[in-house]
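Here is my_file.txt, consisting of compact mmCIF, C-alpha atoms:
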```txt
# COMPACT_ATOMS: atom_id res chain seq x y z
CA MET Y 833 -42.15 19.28 -37.05
CA PRO Y 834 -45.07 18.98 -34.61
CA SER Y 835 -47.40 16.01 -35.14
CA THR Y 836 -50.46 14.54 -33.48
CA PHE Y 837 -49.20 11.06 -34.42
CA GLY Y 838 -52.66 10.12 -35.65
CA ASP Y 839 -54.48 11.06 -32.42
CA PRO Y 840 -57.69 12.81 -33.53
CA ALA Y 841 -58.32 14.18 -30.02
CA LEU Y 842 -55.27 16.46 -30.27
CA GLU Y 843 -55.37 19.79 -32.04
CA GLN Y 844 -53.02 20.37 -34.96
CA GLY Y 845 -49.67 21.68 -33.70
CA SER Y 846 -50.14 20.46 -30.11
CA SER Y 847 -47.97 17.77 -28.55
CA SER Y 848 -48.43 14.68 -26.43
CA GLU Y 849 -46.27 12.31 -24.43
CA SER Y 850 -46.44 8.51 -24.32
CA ALA Y 851 -44.63 5.95 -22.18
CA GLY Y 852 -43.94 3.70 -25.12
CA ILE Y 853 -44.87 2.60 -28.57
CA ILE Y 854 -45.85 -0.77 -29.98
CA VAL Y 855 -44.90 -1.55 -33.54
CA ARG Y 856 -46.14 -4.64 -35.34
CA ILE Y 857 -44.45 -5.83 -38.50
CA ASP Y 858 -45.81 -8.84 -40.34
CA VAL Y 859 -43.13 -10.83 -42.14
CA ALA Y 860 -43.91 -13.48 -44.72
CA ARG Y 861 -41.43 -15.82 -46.36
CA LYS Y 862 -42.45 -16.86 -49.83
CA GLU Y 863 -39.41 -18.74 -51.01
CA VAL Y 864 -39.13 -22.44 -50.28
CA THR Y 865 -35.39 -22.74 -50.93
CA SER Y 866 -34.33 -21.80 -47.41
CA PHE Y 867 -36.77 -24.33 -45.90
CA ILE Y 868 -35.39 -27.06 -48.15
CA LYS Y 869 -31.81 -26.16 -47.22
CA LEU Y 870 -32.66 -26.30 -43.52
CA THR Y 871 -34.56 -29.60 -43.68
CA ALA Y 872 -32.80 -31.59 -46.41
CA VAL Y 873 -30.58 -33.42 -43.90
CA VAL Y 874 -33.53 -34.61 -41.81
CA TYR Y 875 -35.37 -35.90 -44.84
CA VAL Y 876 -32.27 -37.84 -45.86
CA ALA Y 877 -32.01 -39.13 -42.27
CA PHE Y 878 -35.60 -40.34 -42.52
CA LEU Y 879 -34.72 -42.13 -45.77
CA LEU Y 880 -31.78 -43.80 -43.99
CA MET Y 881 -34.21 -44.97 -41.33
CA LEU Y 882 -36.38 -46.46 -44.09
CA VAL Y 883 -33.36 -48.17 -45.68
CA SER Y 884 -32.72 -49.89 -42.37
CA PHE Y 885 -36.00 -51.79 -42.82
CA VAL Y 886 -34.66 -53.33 -46.03
CA LEU Y 887 -31.77 -55.05 -44.24
CA ASP Y 888 -32.73 -58.63 -43.39
CA LEU Y 889 -32.66 -59.29 -39.64
CA GLY Y 890 -32.86 -63.06 -40.06
CA SER Y 891 -29.31 -63.31 -41.40
CA GLY Y 892 -27.77 -62.95 -37.97
CA PHE Y 893 -26.33 -60.11 -36.00
CA ARG Y 894 -24.33 -58.75 -38.95
CA PHE Y 895 -27.43 -57.10 -40.43
CA LEU Y 896 -28.75 -56.15 -37.00
CA ASP Y 897 -25.49 -54.26 -36.47
CA SER Y 898 -25.86 -52.61 -39.89
CA ARG Y 899 -29.44 -51.68 -39.15
CA ILE Y 900 -28.56 -50.16 -35.79
CA ALA Y 901 -25.60 -48.34 -37.40
CA LEU Y 902 -27.89 -46.80 -40.03
CA LEU Y 903 -30.32 -45.68 -37.35
CA ALA Y 904 -27.48 -44.25 -35.25
CA GLY Y 905 -26.14 -42.39 -38.29
CA ALA Y 906 -29.60 -40.98 -39.02
CA LEU Y 907 -29.95 -39.92 -35.39
CA PHE Y 908 -26.52 -38.29 -35.36
CA ALA Y 909 -27.19 -36.42 -38.63
CA THR Y 910 -30.55 -35.18 -37.34
CA VAL Y 911 -29.13 -33.95 -34.03
CA LEU Y 912 -26.26 -32.13 -35.76
CA SER Y 913 -28.65 -30.62 -38.28
CA MET Y 914 -30.98 -29.50 -35.51
CA ARG Y 915 -28.12 -27.80 -33.71
CA SER Y 916 -26.82 -26.00 -36.81
CA VAL Y 917 -30.34 -24.90 -37.78
CA SER Y 918 -30.92 -23.58 -34.29
CA LEU Y 919 -27.73 -21.52 -34.54
CA ALA Y 920 -28.59 -20.30 -38.04
CA LEU Y 921 -32.12 -19.22 -37.13
CA GLY Y 922 -31.30 -18.04 -33.63
CA SER Y 923 -34.29 -20.01 -32.39
CA GLU Y 924 -32.93 -21.20 -29.05
CA GLY Y 925 -35.92 -19.84 -27.11
CA ARG Y 926 -38.81 -21.01 -29.31
CA ILE Y 927 -39.84 -23.94 -31.47
CA THR Y 928 -39.95 -23.18 -35.19
CA LEU Y 929 -41.44 -25.18 -38.04
CA VAL Y 930 -37.97 -26.48 -38.90
CA ASP Y 931 -37.50 -27.57 -35.26
CA LYS Y 932 -40.81 -29.44 -35.41
CA VAL Y 933 -39.70 -31.26 -38.57
CA HIS Y 934 -36.45 -32.23 -36.82
CA MET Y 935 -38.29 -33.47 -33.72
CA LEU Y 936 -40.71 -35.46 -35.86
CA THR Y 937 -37.79 -37.12 -37.61
CA LEU Y 938 -36.13 -37.90 -34.26
CA PHE Y 939 -39.37 -39.54 -33.15
CA TYR Y 940 -39.48 -41.75 -36.27
CA ILE Y 941 -35.84 -42.75 -35.85
CA LEU Y 942 -36.60 -43.74 -32.26
CA LEU Y 943 -39.60 -45.77 -33.46
CA GLY Y 944 -37.37 -47.41 -36.08
CA ALA Y 945 -34.88 -48.43 -33.39
CA LEU Y 946 -37.61 -49.80 -31.13
CA TYR Y 947 -39.13 -51.69 -34.04
CA THR Y 948 -35.72 -53.17 -34.95
CA VAL Y 949 -35.26 -54.51 -31.42
CA LEU Y 950 -38.81 -55.90 -31.43
CA ALA Y 951 -38.36 -57.55 -34.84
CA ARG Y 952 -35.11 -59.20 -33.75
CA ALA Y 953 -36.79 -60.44 -30.56
CA LEU Y 954 -39.58 -61.96 -32.65
CA ILE Y 955 -37.05 -63.82 -34.79
CA ILE Y 956 -35.32 -65.16 -31.67
CA ARG Y 957 -38.72 -66.33 -30.35
CA GLY Y 958 -39.32 -68.34 -33.52
CA ILE Y 959 -41.36 -66.12 -35.82
CA SER Y 960 -40.45 -66.96 -39.41
CA GLU Y 961 -38.00 -64.70 -41.18
CA HIS Y 962 -40.47 -64.38 -44.05
CA ARG Y 963 -43.14 -63.05 -41.67
CA VAL Y 964 -40.71 -60.56 -40.10
CA ARG Y 965 -39.70 -59.47 -43.61
CA GLN Y 966 -43.36 -58.75 -44.38
CA MET Y 967 -43.64 -56.83 -41.13
CA ASP Y 968 -40.53 -54.83 -42.08
CA LEU Y 969 -42.09 -53.77 -45.36
CA CYS Y 970 -45.41 -52.92 -43.70
CA ALA Y 971 -43.60 -50.89 -41.03
CA ALA Y 972 -41.63 -49.01 -43.69
CA LEU Y 973 -44.81 -48.26 -45.66
CA LEU Y 974 -46.70 -47.16 -42.55
CA ALA Y 975 -43.79 -44.97 -41.43
CA THR Y 976 -43.58 -43.36 -44.87
CA ILE Y 977 -47.29 -42.59 -45.09
CA THR Y 978 -47.59 -41.24 -41.55
CA PHE Y 979 -44.38 -39.20 -41.90
CA ILE Y 980 -45.65 -37.57 -45.10
CA VAL Y 981 -49.05 -36.85 -43.53
CA ALA Y 982 -47.45 -35.42 -40.36
CA ASN Y 983 -45.12 -33.21 -42.41
CA GLY Y 984 -48.03 -32.05 -44.55
CA PHE Y 985 -49.98 -31.20 -41.41
CA LEU Y 986 -47.06 -29.18 -40.01
CA LEU Y 987 -46.57 -27.30 -43.29
CA ILE Y 988 -50.26 -26.51 -43.77
CA ARG Y 989 -50.61 -25.41 -40.15
CA ALA Y 990 -47.57 -23.14 -40.47
CA ALA Y 991 -48.88 -21.67 -43.73
CA HIS Y 992 -52.23 -20.79 -42.15
CA ALA Y 993 -50.69 -19.45 -38.93
CA GLY Y 994 -49.07 -16.52 -40.73
```

Take the structure in the file and give it back as structure tokens.
Amino acid sequence: MPSTFGDPALEQGSSSESAGIIVRIDVARKEVTSFIKLTAVVYVAFLLMLVSFVLDLGSGFRFLDSRIALLAGALFATVLSMRSVSLALGSEGRITLVDKVHMLTLFYILLGALYTVLARALIIRGISEHRVRQMDLCAALLATITFIVANGFLLIRAAHAG
């Protein structure tokens, strides 16, 4: 059946040729379940990072080892999750919202590891264990607040981008 394909310059029944066609399809995801499934591991990894701040560094290297082990476990879980999400979404060539959440979590785990080394160095230099304990709790609170704000920013930005 002959068509003008919406070109008002063509007469009814005439034909035209084009080199190509551009089709745009807007896709919107309204369910949150898939996002939660893809990011649950990283949020648990962040919680593990927070738990590491509860372990007392002043009690010797036993708790330092435990703290580093928790951070390493959180890092390992995040990296594996990031890889499986990348395979599931097929997002090797671009950075998705879920990738950004993973990278944010990796950044906080790195900060947790750096803070742990700094806190242990402060104890060795003579800072009281009580003061370091207070710093641990402040660091955990600051990390929690900034992580929630950063995640909220990413989510709001992604919601308004589409």

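Take the candidates Y:Met914, Y:Ala993, Y:Ile941, Y:Leu936 and check each one against Y:Ile900 using all atoms listed in the file; the shortest distance goes to Y:Ile941.
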
Write out as a VMD selection string which residues come within 12 Å of Y:Ala877 when counting all atoms listed in the file, dropping same-chain ones fewer than 3 positions away.
-> chain Y and resid 871 to 874 880 to 884 902 to 914 933 to 934 936 to 942 944

The residue from Y:Leu987, Y:Ala971, Y:Leu943, Y:Ile980 with the smallest atom-to-atom distance to Y:Tyr875, counting all atoms listed in the file, is Y:Ile980

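The space between atom CA of Y:Ala990 and atom CA of Y:Gly922 spans 18.4 Å.
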
Straight-line distance linking atom CA of Y:Phe985 with atom CA of Y:Phe878, stated in Å to one decimal = 17.1 Å

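Going from atom CA of Y:Phe867 over to atom CA of Y:Met935, you cover 15.3 Å.
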
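When all atoms listed in the file are used to measure the gap to Y:Val917, the shortest distance among Y:His992, Y:Arg856, Y:Lys869, Y:Arg899 belongs to Y:Lys869.
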
Using only the atoms of stretch 912-920 of chain Y listed in the file, plus 4 Å on each side, state the axis-aligned box centre and edge lengths in Å rounded to one decimal, as JSON.
```
{"center_x": -28.6, "center_y": -26.2, "center_z": -36.0, "size_x": 12.7, "size_y": 19.8, "size_z": 12.6}
```

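Minimum distance to Y:Val964 across Y:Leu919, Y:Ala991, Y:Val864, Y:Leu950 (counting all atoms listed in the file) occurs at Y:Leu950.
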
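Of the listed residues Y:Ser916, Y:Gly984, Y:Ser898, Y:Ile857, the one whose atoms come nearest to Y:Val886 is Y:Ser898, with distances taken using all atoms listed in the file.
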